[in-house]
file run_14.cif (mmCIF, C-alpha atoms and all ligand atoms)
data_final
#
loop_
_atom_site.label_atom_id
_atom_site.label_comp_id
_atom_site.auth_asym_id
_atom_site.auth_seq_id
_atom_site.Cartn_x
_atom_site.Cartn_y
_atom_site.Cartn_z
CA LYS A 103 -3.53 16.10 -1.39
CA LYS A 104 -1.77 13.65 -3.74
CA ALA A 105 -0.89 9.97 -3.48
CA ILE A 106 0.96 7.47 -5.62
CA MET A 107 0.03 3.79 -5.51
CA PRO A 108 2.66 1.60 -7.17
CA ALA A 109 0.96 -1.50 -8.58
CA ALA A 110 3.28 -2.53 -11.42
CA GLY A 111 5.21 -5.32 -9.69
CA LEU A 112 5.23 -8.87 -11.01
CA GLY A 113 3.72 -10.43 -7.89
CA THR A 114 5.84 -13.56 -8.21
CA ARG A 115 5.20 -14.64 -4.61
CA VAL A 116 1.49 -15.11 -5.24
CA LEU A 117 1.68 -16.83 -8.59
CA PRO A 118 -0.28 -18.40 -10.22
CA ALA A 119 -3.09 -16.31 -8.64
CA SER A 120 -1.43 -13.14 -9.95
CA LYS A 121 -0.81 -14.43 -13.47
CA ALA A 122 -3.86 -12.85 -15.10
CA VAL A 123 -5.26 -10.98 -12.08
CA PRO A 124 -2.94 -8.31 -10.62
CA LYS A 125 -2.16 -9.07 -6.98
CA GLU A 126 -3.46 -5.58 -6.14
CA MET A 127 -6.85 -6.81 -7.43
CA LEU A 128 -6.95 -9.92 -5.24
CA ASN A 129 -9.97 -9.56 -3.03
CA ILE A 130 -10.41 -9.20 0.70
CA VAL A 131 -13.91 -10.58 1.27
CA ASP A 132 -15.80 -8.42 -1.26
CA LYS A 133 -13.43 -5.69 -2.44
CA PRO A 134 -10.09 -5.81 -4.23
CA ALA A 135 -7.06 -4.81 -2.15
CA ILE A 136 -6.45 -1.63 -4.12
CA GLN A 137 -9.94 -0.32 -3.30
CA TYR A 138 -9.07 -0.46 0.43
CA LEU A 139 -6.03 1.70 -0.39
CA VAL A 140 -8.04 4.26 -2.34
CA GLU A 141 -10.61 4.44 0.48
CA GLU A 142 -7.80 4.93 3.01
CA ALA A 143 -6.27 7.75 0.96
CA VAL A 144 -9.64 9.46 0.53
CA ALA A 145 -10.31 9.17 4.28
CA ALA A 146 -6.96 10.93 4.83
CA GLY A 147 -8.12 13.90 2.71
CA ILE A 148 -6.26 12.94 -0.47
CA GLU A 149 -8.00 14.09 -3.64
CA ASP A 150 -5.74 12.99 -6.50
CA ILE A 151 -4.36 9.48 -6.84
CA LEU A 152 -1.93 8.12 -9.40
CA ILE A 153 -1.86 4.35 -9.78
CA ILE A 154 1.28 2.97 -11.43
CA THR A 155 0.37 0.02 -13.60
CA ASN A 156 1.86 -1.93 -16.47
CA ARG A 157 0.78 -4.15 -19.31
CA GLY A 158 -1.75 -6.66 -18.06
CA LYS A 159 -3.06 -4.53 -15.20
CA GLY A 160 -5.88 -2.89 -17.17
CA VAL A 161 -8.51 -4.39 -14.87
CA ILE A 162 -7.44 -1.92 -12.19
CA GLU A 163 -8.56 0.90 -14.53
CA ASP A 164 -11.82 -0.94 -15.27
CA HIS A 165 -12.52 -1.33 -11.57
CA PHE A 166 -12.40 2.41 -10.91
CA ASP A 167 -14.45 3.28 -14.00
CA HIS A 168 -18.21 3.15 -14.49
CA SER A 169 -19.54 -0.15 -15.76
CA PHE A 170 -22.55 1.08 -17.70
CA GLU A 171 -23.87 -2.38 -18.53
CA LEU A 172 -23.71 -3.51 -14.92
CA GLU A 173 -25.13 -0.27 -13.53
CA ALA A 174 -27.98 -0.25 -16.08
CA ASN A 175 -28.75 -3.83 -15.18
CA LEU A 176 -28.87 -3.18 -11.43
CA ALA A 177 -30.65 0.21 -11.58
CA GLY A 178 -34.19 0.20 -10.21
CA LYS A 179 -34.13 -3.53 -9.35
CA LYS A 180 -35.73 -4.54 -6.10
CA ASN A 181 -33.22 -5.81 -3.50
CA LYS A 182 -30.31 -4.56 -5.60
CA GLU A 183 -30.40 -0.91 -4.47
CA LYS A 184 -27.48 -1.23 -2.02
CA ILE A 185 -25.13 -3.04 -4.39
CA TYR A 186 -26.10 -0.64 -7.20
CA GLU A 187 -25.04 2.33 -5.05
CA GLU A 188 -21.82 0.57 -4.01
CA VAL A 189 -20.82 -0.32 -7.57
CA LYS A 190 -21.56 3.19 -8.80
CA ALA A 191 -19.64 4.81 -5.93
CA VAL A 192 -16.38 3.02 -6.77
CA ALA A 193 -16.09 5.12 -9.94
CA THR A 194 -16.35 8.41 -8.06
CA LEU A 195 -14.20 7.75 -4.99
CA ALA A 196 -11.42 10.17 -6.03
CA ASN A 197 -9.70 11.63 -9.09
CA ILE A 198 -7.76 8.55 -10.15
CA TYR A 199 -5.06 8.70 -12.82
CA PHE A 200 -2.99 5.92 -14.31
CA ILE A 201 0.48 5.71 -15.80
CA ARG A 202 2.41 2.70 -16.99
CA GLN A 203 5.83 1.77 -15.68
CA LYS A 204 7.20 0.40 -18.92
CA GLU A 205 9.99 -1.63 -17.32
CA THR A 206 9.79 -3.31 -13.90
CA LYS A 207 12.84 -1.56 -12.48
CA GLY A 208 11.85 -1.44 -8.82
CA LEU A 209 9.78 0.64 -6.46
CA GLY A 210 12.00 3.72 -6.77
CA HIS A 211 11.58 3.66 -10.54
CA ALA A 212 7.81 3.21 -10.19
CA ILE A 213 7.60 6.30 -7.96
CA LEU A 214 9.73 8.28 -10.42
CA CYS A 215 6.97 7.69 -13.01
CA GLY A 216 4.82 10.00 -10.83
CA LYS A 217 7.15 13.00 -11.03
CA SER A 218 4.97 15.21 -13.29
CA PHE A 219 1.80 14.20 -11.45
CA VAL A 220 3.19 15.25 -8.07
CA GLY A 221 4.89 18.49 -9.11
CA ASP A 222 6.23 20.51 -6.21
CA GLU A 223 4.36 19.28 -3.15
CA PRO A 224 4.70 16.50 -0.59
CA PHE A 225 2.94 13.27 -1.51
CA ALA A 226 1.89 9.99 0.06
CA VAL A 227 2.89 6.57 -1.22
CA LEU A 228 0.65 3.58 -0.52
CA TYR A 229 2.35 0.36 -1.67
CA GLY A 230 -0.20 -1.44 -3.81
CA ASP A 231 -0.03 -4.76 -2.01
CA ASP A 232 -0.10 -3.45 1.58
CA VAL A 233 -3.55 -3.02 3.09
CA THR A 234 -3.87 -1.30 6.46
CA VAL A 235 -6.87 -1.27 8.75
CA SER A 236 -7.23 1.37 11.43
CA ASP A 237 -9.97 3.64 12.84
CA ASP A 238 -7.55 6.51 12.19
CA PRO A 239 -6.35 5.92 8.59
CA VAL A 240 -2.61 5.18 8.59
CA THR A 241 -2.02 7.64 5.74
CA ALA A 242 -3.70 10.38 7.82
CA GLN A 243 -1.42 9.58 10.79
CA LEU A 244 1.63 9.94 8.55
CA CYS A 245 0.38 13.17 6.92
CA ARG A 246 -0.09 14.71 10.36
CA ALA A 247 3.47 13.71 11.33
CA TYR A 248 4.76 15.26 8.08
CA GLU A 249 2.98 18.51 8.89
CA LYS A 250 4.29 18.49 12.44
CA TYR A 251 7.96 17.77 11.70
CA GLY A 252 8.27 19.09 8.12
CA LYS A 253 10.25 15.97 7.19
CA GLY A 254 9.67 12.79 5.20
CA VAL A 255 7.75 10.19 7.23
CA VAL A 256 7.91 6.41 6.91
CA GLY A 257 5.24 4.20 8.50
CA VAL A 258 6.91 1.44 10.51
CA LYS A 259 6.20 -1.55 12.73
CA GLU A 260 8.47 -4.01 14.49
CA VAL A 261 8.68 -7.32 12.66
CA PRO A 262 9.83 -10.65 14.18
CA ASP A 263 13.59 -11.50 14.08
CA GLU A 264 13.09 -14.26 11.53
CA LEU A 265 11.34 -11.93 9.06
CA ILE A 266 13.47 -8.77 9.16
CA SER A 267 15.79 -10.01 6.35
CA MET A 268 12.78 -9.91 3.99
CA TYR A 269 12.06 -6.25 4.80
CA CYS A 270 14.38 -3.33 5.54
CA SER A 271 15.96 -2.45 8.87
CA LEU A 272 15.94 1.09 10.29
CA ASP A 273 18.42 2.86 12.54
CA VAL A 274 16.14 4.88 14.83
CA THR A 275 16.24 6.95 18.02
CA PRO A 276 13.15 8.02 20.01
CA LEU A 277 11.64 11.43 19.25
CA GLU A 278 8.19 11.79 20.77
CA GLY A 279 5.25 9.40 21.22
CA ARG A 280 5.08 7.15 18.18
CA ALA A 281 7.63 9.23 16.26
CA MET A 282 11.34 8.39 15.97
CA SER A 283 14.22 9.97 14.12
CA CYS A 284 15.37 7.63 11.35
CA HIS A 285 19.05 7.92 10.44
CA LYS A 286 19.61 5.05 8.04
CA ILE A 287 17.76 2.26 6.22
CA ILE A 288 19.22 -1.00 4.91
CA GLU A 289 17.10 -2.96 2.42
CA LYS A 290 16.93 -6.75 2.97
CA PRO A 291 19.62 -6.75 5.71
CA THR A 292 21.92 -9.65 6.54
CA PRO A 293 21.83 -10.60 10.28
CA GLU A 294 24.96 -8.46 10.86
CA GLN A 295 23.34 -5.43 9.21
CA VAL A 296 20.15 -5.42 11.31
CA MET A 297 19.97 -2.12 13.24
CA SER A 298 16.47 -2.59 14.68
CA ASN A 299 13.41 -4.69 13.94
CA TYR A 300 11.55 -1.60 12.73
CA ALA A 301 10.68 -2.01 9.06
CA ILE A 302 8.72 0.15 6.61
CA LEU A 303 5.31 -1.40 6.02
CA GLY A 304 3.77 0.13 2.95
CA ARG A 305 3.04 3.77 3.80
CA VAL A 306 5.30 6.81 3.43
CA VAL A 307 4.92 10.55 2.93
CA LEU A 308 7.78 12.20 1.08
CA PRO A 309 8.94 15.64 -0.02
CA PRO A 310 9.04 16.30 -3.81
CA GLU A 311 12.83 16.61 -3.77
CA VAL A 312 13.07 12.80 -3.73
CA PHE A 313 12.40 12.84 -7.49
CA GLY A 314 15.74 14.54 -8.16
CA MET A 315 17.43 12.00 -5.88
CA LEU A 316 15.72 9.11 -7.71
CA GLU A 317 16.75 10.49 -11.11
CA LYS A 318 20.35 10.65 -9.92
CA GLY A 319 20.09 7.12 -8.50
CA LEU A 320 18.70 5.80 -11.79
CA THR A 321 21.90 6.74 -13.62
CA THR A 322 23.84 4.25 -11.46
CA VAL A 323 21.40 1.33 -11.77
CA LYS A 324 22.89 -1.47 -13.85
CA PRO A 325 20.82 -3.65 -16.22
CA GLY A 326 18.80 -6.18 -14.25
CA GLU A 327 19.10 -4.18 -11.01
CA GLU A 328 16.27 -2.33 -9.24
CA LEU A 329 16.09 1.30 -8.13
CA TYR A 330 15.20 1.13 -4.43
CA LEU A 331 12.97 3.76 -2.84
CA THR A 332 14.65 2.96 0.49
CA ASP A 333 17.98 4.30 -0.84
CA VAL A 334 16.62 7.85 -1.21
CA MET A 335 14.76 7.61 2.09
CA SER A 336 18.03 6.54 3.73
CA GLU A 337 19.69 9.58 2.14
CA LEU A 338 17.02 11.81 3.73
CA GLY A 339 17.69 10.05 7.06
CA ALA A 340 21.47 10.62 6.84
CA ARG A 341 20.90 14.37 6.74
CA GLY A 342 18.32 14.37 9.55
CA ASP A 343 15.25 14.76 7.35
CA LEU A 344 13.36 11.53 8.04
CA VAL A 345 10.90 10.48 10.74
CA ALA A 346 9.84 6.88 11.38
CA TYR A 347 6.28 6.68 12.69
CA ASP A 348 5.11 3.54 14.53
CA PHE A 349 1.57 3.75 13.20
CA ASP A 350 -1.58 2.60 14.98
CA GLY A 351 -3.27 -0.09 12.90
CA ILE A 352 -2.94 -3.53 11.36
CA ARG A 353 -1.15 -4.11 8.10
CA TYR A 354 -1.83 -7.04 5.79
CA ASP A 355 0.69 -8.10 3.18
CA MET A 356 -1.29 -9.03 0.07
CA GLY A 357 1.98 -9.93 -1.64
CA ASN A 358 2.24 -13.30 0.08
CA LYS A 359 -0.14 -16.20 0.54
CA LEU A 360 -0.37 -16.16 4.34
CA GLY A 361 -0.94 -12.39 4.32
CA ILE A 362 -3.87 -12.81 1.93
CA MET A 363 -5.48 -15.44 4.15
CA LYS A 364 -5.00 -13.39 7.34
CA ALA A 365 -6.54 -10.32 5.68
CA ASN A 366 -9.56 -12.27 4.47
CA CYS A 367 -10.08 -14.03 7.76
CA GLU A 368 -9.83 -10.95 9.99
CA VAL A 369 -11.83 -8.63 7.72
CA ALA A 370 -14.52 -11.31 7.30
CA LEU A 371 -14.89 -11.59 11.10
CA LYS A 372 -15.81 -7.87 11.27
CA HIS A 373 -17.92 -7.81 8.11
CA PRO A 374 -21.49 -6.58 8.79
CA GLU A 375 -23.07 -9.13 6.43
CA ILE A 376 -21.10 -12.32 7.08
CA GLY A 377 -19.15 -11.57 10.31
CA GLU A 378 -21.36 -13.53 12.70
CA SER A 379 -21.83 -16.60 10.52
CA PHE A 380 -18.14 -16.66 9.62
CA LYS A 381 -17.24 -16.57 13.32
CA ALA A 382 -19.60 -19.49 14.01
CA TYR A 383 -18.06 -21.41 11.11
CA LEU A 384 -14.51 -20.73 12.39
CA LYS A 385 -15.41 -21.88 15.91
CA GLU A 386 -16.70 -25.18 14.51
CA LEU A 387 -13.63 -25.54 12.33
CA VAL A 388 -11.26 -24.95 15.24
CA LYS A 389 -13.04 -27.70 17.21
CA THR A 390 -12.31 -30.19 14.44
CA LEU A 391 -8.65 -29.14 14.48
CA GLY A 392 -8.40 -30.16 18.15
P1 LIG B 401 6.99 -5.70 -4.11
O1 LIG B 401 8.45 -5.88 -4.23
O2 LIG B 401 6.31 -6.23 -2.89
O3 LIG B 401 6.22 -6.30 -5.37
O4 LIG B 401 6.65 -4.16 -4.32
P2 LIG B 401 6.61 -7.39 -6.44
O5 LIG B 401 7.88 -7.06 -7.12
O6 LIG B 401 5.39 -7.52 -7.28
O7 LIG B 401 6.77 -8.69 -5.51
P3 LIG B 401 7.25 -10.17 -5.83
O8 LIG B 401 8.51 -10.32 -5.02
O9 LIG B 401 7.45 -10.35 -7.31
O10 LIG B 401 6.16 -11.07 -5.32
C1 LIG B 401 5.75 -3.38 -3.51
C2 LIG B 401 4.74 -2.66 -4.40
O11 LIG B 401 5.42 -1.93 -5.43
C3 LIG B 401 4.95 -2.28 -6.71
C4 LIG B 401 4.29 -3.65 -6.56
O12 LIG B 401 3.22 -3.79 -7.49
C5 LIG B 401 3.80 -3.64 -5.12
O13 LIG B 401 2.47 -3.16 -5.02
N1 LIG B 401 6.10 -2.28 -7.67
C6 LIG B 401 7.21 -3.03 -7.43
C7 LIG B 401 6.01 -1.51 -8.82
O14 LIG B 401 4.99 -0.81 -9.04
N2 LIG B 401 7.05 -1.53 -9.70
C8 LIG B 401 8.18 -2.26 -9.48
O15 LIG B 401 9.11 -2.22 -10.35
C9 LIG B 401 8.26 -3.02 -8.32
#

call {"tool": "encode", "arguments": {"input": "run_14.cif", "output": "structure tokens", "more": "lines below"}}
Ligand code: UTP
result
Amino acid sequence: KKAIMPAAGLGTRVLPASKAVPKEMLNIVDKPAIQYLVEEAVAAGIEDILIITNRGKGVIEDHFDHSFELEANLAGKKNKEKIYEEVKAVATLANIYFIRQKETKGLGHAILCGKSFVGDEPFAVLYGDDVTVSDDPVTAQLCRAYEKYGKGVVGVKEVPDELISMYCSLDVTPLEGRAMSCHKIIEKPTPEQVMSNYAILGRVVLPPEVFGMLEKGLTTVKPGEELYLTDVMSELGARGDLVAYDFDGIRYDMGNKLGIMKANCEVALKHPEIGESFKAYLKELVKTLG
């Protein structure tokens, strides 16, 4: 019933776009990336969401709040009924809470900021810059796997050889259907360290005990280093408590420029308002490319 969305990273790979606008607020056609995440979580039955922010990310809070001036302006206006309802609905999607990660000490540290919020129950993590699209919400697929196996679940996909060093590599053995047992995870592997091309792509469901493991890990982090979430997940894997789930769906990486363009292009093609005209435009454009 609870999810954490870390959105306090610096977004250096998409600068200067992310200088004043958080990368989690970069849009895909007509909605910011983080709204897709909140909608996915809600569709998976999650009621309470904690977004981890930092200084300069206040617009995320504004986005999920009412905008009285805007709503008053749109209310009752002819031809604006639909957008009025849409704008109003964003503020009531879920119970959304915010906390600031006061130092950018890595994803593990960001998740640790959610300790009191989560309490003593399993929770989902949706990485703020990873948008997934699926008829069956990816978070729901992972929650079902968690219920079935009673173990932490990481959402994975195979990534091409040339990209695995930018992700993490998982040591896995088949379990059943899309589920695999995950024994070990190496973050940003060298070619010699690659165990498989399965990498975690932005969605995990974890037991609350990871907070104790993160707290312990934090004591060994040196100044300038990051606390990796993958380290505690690897620890779960080493004792047989982690499942890797090859989820059904597409994942867009809003943390890099090509990912942003792919997301916009593919979502635009399916968009009820502009899908057809965008397709016609693309067809013409492709012709000129030869
Ligand atoms: P990334 O490593 O992709 O984000 O973290 P980043 O650090 O912003 O990326 P670059 O390399 O500088 O471009 C995945 C998610 O975790 C959040 C990010 O906001 C992103 O949504 N994150 C990362 C935090 O909340 N806190 C951190 O300390 C690090």

call {"tool": "residues_around", "arguments": {"input": "run_14.cif", "residues": "Val369 in chain A", "least_positions_apart": "4", "cutoff": "8 Å", "atoms": "all atoms listed in the file", "output": "VMD selection string"}}
result
chain A and resid 130 to 131 365 373

call {"tool": "write_last_selection", "arguments": {"input": "run_14.cif", "atoms": "C-alpha atoms", "output": "CSV table (one decimal), keeping the file's coordinate frame"}}
result
chain,number,residue,atom,x,y,z
A,130,ILE,CA,-10.4,-9.2,0.7
A,131,VAL,CA,-13.9,-10.6,1.3
A,365,ALA,CA,-6.5,-10.3,5.7
A,373,HIS,CA,-17.9,-7.8,8.1

call {"tool": "residues_around", "arguments": {"input": "run_14.cif", "residues": "Glu126 in chain A", "least_positions_apart": "3", "cutoff": "9 Å", "atoms": "only C-alpha atoms", "output": "VMD selection string"}}
result
chain A and resid 109 113 120 123 129 134 to 137 162 230 to 232 356 to 357

call {"tool": "write_last_selection", "arguments": {"input": "run_14.cif", "atoms": "C-alpha atoms", "output": "PDB file, keeping the file's coordinate frame"}}
result
ATOM      1  CA  ALA A 109       0.960  -1.500  -8.580  1.00  0.00           C
ATOM      2  CA  GLY A 113       3.720 -10.430  -7.890  1.00  0.00           C
ATOM      3  CA  SER A 120      -1.430 -13.140  -9.950  1.00  0.00           C
ATOM      4  CA  VAL A 123      -5.260 -10.980 -12.080  1.00  0.00           C
ATOM      5  CA  ASN A 129      -9.970  -9.560  -3.030  1.00  0.00           C
ATOM      6  CA  PRO A 134     -10.090  -5.810  -4.230  1.00  0.00           C
ATOM      7  CA  ALA A 135      -7.060  -4.810  -2.150  1.00  0.00           C
ATOM      8  CA  ILE A 136      -6.450  -1.630  -4.120  1.00  0.00           C
ATOM      9  CA  GLN A 137      -9.940  -0.320  -3.300  1.00  0.00           C
ATOM     10  CA  ILE A 162      -7.440  -1.920 -12.190  1.00  0.00           C
ATOM     11  CA  GLY A 230      -0.200  -1.440  -3.810  1.00  0.00           C
ATOM     12  CA  ASP A 231      -0.030  -4.760  -2.010  1.00  0.00           C
ATOM     13  CA  ASP A 232      -0.100  -3.450   1.580  1.00  0.00           C
ATOM     14  CA  MET A 356      -1.290  -9.030   0.070  1.00  0.00           C
ATOM     15  CA  GLY A 357       1.980  -9.930  -1.640  1.00  0.00           C
TER      16      GLY A 357
END

call {"tool": "closest_atom_pairs", "arguments": {"input": "run_14.cif", "of": "chain A", "to": "ligand LIG 401 (chain B)", "cutoff": "7 Å", "atoms": "all atoms listed in the file", "output": "tab-separated table"}}
result
residue	atom	partner	partner_atom	distance
A:Pro108	CA	B:LIG401	O14	3.8
A:Ala109	CA	B:LIG401	O12	3.4
A:Ala110	CA	B:LIG401	O14	3.4
A:Gly111	CA	B:LIG401	O6	3.3
A:Leu112	CA	B:LIG401	O6	4.0
A:Gly113	CA	B:LIG401	O6	3.4
A:Thr114	CA	B:LIG401	O9	3.7
A:Arg115	CA	B:LIG401	O10	3.8
A:Val116	CA	B:LIG401	O10	6.2
A:Glu126	CA	B:LIG401	O13	6.5
A:Ile154	CA	B:LIG401	O14	5.8
A:Thr155	CA	B:LIG401	O14	6.5
A:Gln203	CA	B:LIG401	N2	6.9
A:Thr206	CA	B:LIG401	O15	3.8
A:Lys207	CA	B:LIG401	O15	4.3
A:Gly208	CA	B:LIG401	O15	3.2
A:Leu209	CA	B:LIG401	C9	4.4
A:His211	CA	B:LIG401	O15	6.4
A:Ala212	CA	B:LIG401	N2	4.8
A:Tyr229	CA	B:LIG401	C2	4.7
A:Gly230	CA	B:LIG401	O13	3.4
A:Asp231	CA	B:LIG401	O13	4.2
A:Gly357	CA	B:LIG401	O10	5.7

call {"tool": "closest_atom_pairs", "arguments": {"input": "run_14.cif", "of": "range 124-170 of chain A", "to": "range 235-251 of chain A", "cutoff": "7 Å", "atoms": "only C-alpha atoms", "output": "CSV"}}
result
residue,atom,partner,partner_atom,distance
A:Glu142,CA,A:Pro239,CA,5.8
A:Ala143,CA,A:Thr241,CA,6.4
A:Ala145,CA,A:Pro239,CA,6.7
A:Ala146,CA,A:Ala242,CA,4.5

call {"tool": "closest_residue", "arguments": {"input": "run_14.cif", "among": "A:Glu264, A:Lys259, A:Ala174, A:Ala105", "to": "Pro309 in chain A", "atoms": "only C-alpha atoms"}}
result
A:Ala105

call {"tool": "atom_distance", "arguments": {"input": "run_14.cif", "atom1": "CA of Ile153 in chain A", "atom2": "CA of Met107 in chain A"}}
result
4.7 Å

call {"tool": "closest_residue", "arguments": {"input": "run_14.cif", "among": "A:Glu260, A:Glu149, A:Glu337, A:Glu171", "to": "Lys103 in chain A", "atoms": "all atoms listed in the file"}}
result
A:Glu149

call {"tool": "atom_distance", "arguments": {"input": "run_14.cif", "atom1": "CA of Asp222 in chain A", "atom2": "CA of Asp273 in chain A"}}
result
28.5 Å

call {"tool": "atom_distance", "arguments": {"input": "run_14.cif", "atom1": "CA of Leu303 in chain A", "atom2": "CA of Gly257 in chain A"}}
result
6.1 Å

call {"tool": "closest_residue", "arguments": {"input": "run_14.cif", "among": "A:Ser169, A:Ile201, A:Met297, A:Arg353", "to": "Tyr138 in chain A", "atoms": "only C-alpha atoms"}}
result
A:Arg353

call {"tool": "decode", "arguments": {"input": "run_14.cif", "residues": "range 279-286 of chain A", "atoms": "all heavy atoms", "output": "CSV table (one decimal), in the first residue's frame"}}
result
chain,number,residue,atom,x,y,z
A,279,GLY,N,8.1,-19.1,-14.9
A,279,GLY,CA,7.6,-18.1,-15.8
A,279,GLY,C,8.6,-16.9,-15.9
A,279,GLY,O,9.7,-17.1,-16.3
A,280,ARG,N,8.1,-15.7,-15.6
A,280,ARG,CA,9.0,-14.5,-15.7
A,280,ARG,C,9.9,-14.3,-14.4
A,280,ARG,O,10.7,-13.4,-14.4
A,280,ARG,CB,8.1,-13.3,-15.8
A,280,ARG,CG,7.4,-13.2,-17.2
A,280,ARG,CD,6.5,-12.0,-17.2
A,280,ARG,NE,6.0,-11.8,-18.6
A,280,ARG,CZ,6.6,-11.1,-19.6
A,280,ARG,NH1,7.8,-10.6,-19.3
A,280,ARG,NH2,6.1,-11.0,-20.8
A,281,ALA,N,9.7,-15.2,-13.4
A,281,ALA,CA,10.4,-15.0,-12.2
A,281,ALA,C,11.7,-15.8,-12.2
A,281,ALA,O,11.8,-17.0,-12.7
A,281,ALA,CB,9.6,-15.5,-11.0
A,282,MET,N,12.8,-15.2,-11.6
A,282,MET,CA,14.1,-15.9,-11.5
A,282,MET,C,14.6,-15.7,-10.0
A,282,MET,O,14.2,-14.7,-9.4
A,282,MET,CB,15.1,-15.3,-12.4
A,282,MET,CG,14.8,-15.5,-13.9
A,282,MET,SD,15.8,-14.4,-14.9
A,282,MET,CE,14.8,-12.9,-15.0
A,283,SER,N,15.4,-16.6,-9.6
A,283,SER,CA,16.0,-16.4,-8.3
A,283,SER,C,17.2,-15.5,-8.6
A,283,SER,O,18.0,-15.7,-9.5
A,283,SER,CB,16.5,-17.7,-7.7
A,283,SER,OG,15.5,-18.5,-7.3
A,284,CYS,N,17.4,-14.4,-7.7
A,284,CYS,CA,18.6,-13.5,-7.9
A,284,CYS,C,19.5,-13.7,-6.8
A,284,CYS,O,19.1,-13.6,-5.6
A,284,CYS,CB,18.1,-12.1,-8.0
A,284,CYS,SG,19.5,-10.9,-8.2
A,285,HIS,N,20.8,-14.1,-7.1
A,285,HIS,CA,21.7,-14.4,-6.0
A,285,HIS,C,22.7,-13.3,-5.7
A,285,HIS,O,23.2,-13.2,-4.6
A,285,HIS,CB,22.5,-15.7,-6.4
A,285,HIS,CG,21.7,-16.8,-7.0
A,285,HIS,ND1,20.8,-17.5,-6.2
A,285,HIS,CD2,21.4,-17.2,-8.3
A,285,HIS,CE1,20.2,-18.4,-7.0
A,285,HIS,NE2,20.5,-18.2,-8.2
A,286,LYS,N,22.9,-12.5,-6.7
A,286,LYS,CA,23.9,-11.4,-6.5
A,286,LYS,C,23.7,-10.3,-7.5
A,286,LYS,O,23.2,-10.5,-8.6
A,286,LYS,CB,25.3,-12.1,-6.7
A,286,LYS,CG,26.5,-11.2,-6.3
A,286,LYS,CD,27.8,-12.0,-6.6
A,286,LYS,CE,29.0,-11.1,-6.3
A,286,LYS,NZ,30.2,-11.8,-6.6
